[in-house]
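Undergrad: Below is the file input-v4.pdb, with PDB, C-alpha atoms.
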```
ATOM      1  CA  MET V   1     -35.058  61.203-197.505  1.00  0.00           C
ATOM      2  CA  ALA V   2     -36.708  57.822-198.103  1.00  0.00           C
ATOM      3  CA  PHE V   3     -37.830  56.410-201.428  1.00  0.00           C
ATOM      4  CA  VAL V   4     -40.243  53.585-202.075  1.00  0.00           C
ATOM      5  CA  PHE V   5     -38.422  51.396-204.537  1.00  0.00           C
ATOM      6  CA  THR V   6     -40.650  49.811-207.104  1.00  0.00           C
ATOM      7  CA  GLU V   7     -40.429  47.580-210.103  1.00  0.00           C
ATOM      8  CA  LEU V   8     -41.061  48.912-213.597  1.00  0.00           C
ATOM      9  CA  ARG V   9     -40.935  46.679-216.648  1.00  0.00           C
ATOM     10  CA  VAL V  10     -40.962  48.035-220.182  1.00  0.00           C
ATOM     11  CA  ALA V  11     -41.461  45.852-223.242  1.00  0.00           C
ATOM     12  CA  THR V  12     -42.698  46.277-226.790  1.00  0.00           C
ATOM     13  CA  SER V  13     -46.104  45.064-225.579  1.00  0.00           C
ATOM     14  CA  GLY V  14     -46.404  47.739-222.867  1.00  0.00           C
ATOM     15  CA  VAL V  15     -45.415  48.905-219.386  1.00  0.00           C
ATOM     16  CA  ALA V  16     -45.987  47.084-216.084  1.00  0.00           C
ATOM     17  CA  TRP V  17     -45.508  48.620-212.625  1.00  0.00           C
ATOM     18  CA  LYS V  18     -45.532  46.996-209.192  1.00  0.00           C
ATOM     19  CA  GLY V  19     -45.079  48.954-205.989  1.00  0.00           C
ATOM     20  CA  VAL V  20     -43.266  47.522-202.976  1.00  0.00           C
ATOM     21  CA  SER V  21     -46.043  48.177-200.490  1.00  0.00           C
ATOM     22  CA  SER V  22     -48.729  46.636-202.692  1.00  0.00           C
ATOM     23  CA  GLU V  23     -49.219  43.423-204.614  1.00  0.00           C
ATOM     24  CA  ASP V  24     -51.232  45.259-207.272  1.00  0.00           C
ATOM     25  CA  VAL V  25     -49.725  45.439-210.753  1.00  0.00           C
ATOM     26  CA  THR V  26     -50.611  48.268-213.134  1.00  0.00           C
ATOM     27  CA  TYR V  27     -50.267  47.369-216.785  1.00  0.00           C
ATOM     28  CA  VAL V  28     -50.513  49.726-219.766  1.00  0.00           C
ATOM     29  CA  GLN V  29     -50.615  48.169-223.215  1.00  0.00           C
ATOM     30  CA  ALA V  30     -48.418  49.790-225.843  1.00  0.00           C
ATOM     31  CA  THR V  31     -51.450  50.381-228.092  1.00  0.00           C
ATOM     32  CA  ASP V  32     -53.079  52.475-225.323  1.00  0.00           C
ATOM     33  CA  LEU V  33     -50.012  54.682-224.755  1.00  0.00           C
ATOM     34  CA  LYS V  34     -49.972  58.153-226.354  1.00  0.00           C
ATOM     35  CA  TRP V  35     -47.099  59.935-224.566  1.00  0.00           C
ATOM     36  CA  ALA V  36     -44.615  59.670-221.706  1.00  0.00           C
ATOM     37  CA  GLN V  37     -43.010  62.390-219.595  1.00  0.00           C
ATOM     38  CA  TRP V  38     -40.456  62.581-216.770  1.00  0.00           C
ATOM     39  CA  LEU V  39     -41.235  65.066-214.005  1.00  0.00           C
ATOM     40  CA  ARG V  40     -39.161  66.289-211.079  1.00  0.00           C
ATOM     41  CA  VAL V  41     -41.263  65.932-207.925  1.00  0.00           C
ATOM     42  CA  ALA V  42     -40.615  66.640-204.248  1.00  0.00           C
ATOM     43  CA  ARG V  43     -38.840  63.349-203.565  1.00  0.00           C
ATOM     44  CA  GLY V  44     -37.234  62.286-206.797  1.00  0.00           C
ATOM     45  CA  PHE V  45     -38.781  61.746-210.198  1.00  0.00           C
ATOM     46  CA  GLN V  46     -42.132  60.668-211.576  1.00  0.00           C
ATOM     47  CA  LEU V  47     -42.928  58.982-214.871  1.00  0.00           C
ATOM     48  CA  ARG V  48     -46.279  60.090-216.256  1.00  0.00           C
ATOM     49  CA  LEU V  49     -47.971  58.215-219.105  1.00  0.00           C
ATOM     50  CA  GLY V  50     -50.804  59.625-221.202  1.00  0.00           C
ATOM     51  CA  LEU V  51     -53.334  57.101-222.460  1.00  0.00           C
ATOM     52  CA  ARG V  52     -55.643  57.067-225.482  1.00  0.00           C
ATOM     53  CA  ASP V  53     -58.773  57.400-223.314  1.00  0.00           C
ATOM     54  CA  HIS V  54     -57.417  60.743-221.981  1.00  0.00           C
ATOM     55  CA  LYS V  55     -56.443  59.226-218.635  1.00  0.00           C
ATOM     56  CA  LYS V  56     -53.003  59.543-217.058  1.00  0.00           C
ATOM     57  CA  GLU V  57     -50.978  57.009-215.078  1.00  0.00           C
ATOM     58  CA  ARG V  58     -48.337  58.291-212.648  1.00  0.00           C
ATOM     59  CA  PHE V  59     -45.431  56.244-211.342  1.00  0.00           C
ATOM     60  CA  ASP V  60     -43.485  57.759-208.432  1.00  0.00           C
ATOM     61  CA  GLY V  61     -40.325  56.866-206.556  1.00  0.00           C
ATOM     62  CA  PHE V  62     -37.577  57.107-209.151  1.00  0.00           C
ATOM     63  CA  VAL V  63     -34.150  58.383-208.138  1.00  0.00           C
ATOM     64  CA  ARG V  64     -32.122  60.740-210.327  1.00  0.00           C
ATOM     65  CA  GLU V  65     -29.856  57.947-211.597  1.00  0.00           C
ATOM     66  CA  VAL V  66     -32.783  55.981-213.025  1.00  0.00           C
ATOM     67  CA  GLN V  67     -34.195  59.010-214.804  1.00  0.00           C
ATOM     68  CA  ALA V  68     -30.751  59.962-216.119  1.00  0.00           C
ATOM     69  CA  ASN V  69     -30.146  56.446-217.483  1.00  0.00           C
ATOM     70  CA  TRP V  70     -33.443  56.461-219.354  1.00  0.00           C
ATOM     71  CA  GLY V  71     -32.964  59.985-220.651  1.00  0.00           C
ATOM     72  CA  PRO V  72     -35.666  61.729-222.649  1.00  0.00           C
ATOM     73  CA  ILE V  73     -38.678  59.688-223.621  1.00  0.00           C
TER
END
```
Kindly present the structure from the file in structure tokens form.
TA:
Amino acid sequence: MAFVFTELRVATSGVAWKGVSSEDVTYVQATDLKWAQWLRVARGFQLRLGLRDHKKERFDGFVREVQANWGPI
């Protein structure tokens, strides 16, 4: 099983995500964030963020240890 390791940064100002295979950075400001949820997916874990404009951002590629260290959100 192969995972795409990524970089996720969390700060009081928001969340930033950069995938390994892409130079694109996704940034969600803290004021736009309504909820966060961990999901078990086929190859690990996914972090899903709900935004104020009713959109959702999904971040894939987390291993069990990362999700366990963060715990419930």
Undergrad: For the structure shown, which residues end up in the PyMOL selection byres ((chain V and resi 32) around 6)? Put them as number ranges by chain, please?
TA: V: 29-31, 33, 51-52
Undergrad: Closest to Gly19 (chain V) among V:Ala42, V:Glu7, V:Val63, V:Arg58, using all atoms listed in the file?
TA: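 Closest to Gly19 (chain V) of all the choices is V:Glu7.
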Undergrad: What does the distance between CA of Arg40 (chain V) and CA of Trp17 (chain V) come to in Å, to one decimal place?
TA: 18.8 Å
Undergrad: Extract, using all atoms listed in the file, all DNA, RNA and protein residues at most 12 Å from Glu57 (chain V), discarding same-chain residues fewer than 4 positions from it, and format them as a list in words.
TA: Val15, Ala16, Trp17, Thr26, Tyr27, Val28, Asp32, Leu33, Lys34, Trp35, Ala36, Gln37, Gln46, Leu47, Arg48, Leu49, Gly50, Leu51, Arg52 and Asp53 of chain V
Undergrad: I'd like the interatomic distance between CA of Gly44 (chain V) and CA of Lys56 (chain V), to a tenth of an Å.
TA: 19.0 Å
Undergrad: Suppose you want the space between CA of Asp60 (chain V) and CA of Phe45 (chain V); what is it in Å?
TA: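 That distance, rounded to one decimal, is 6.4 Å.
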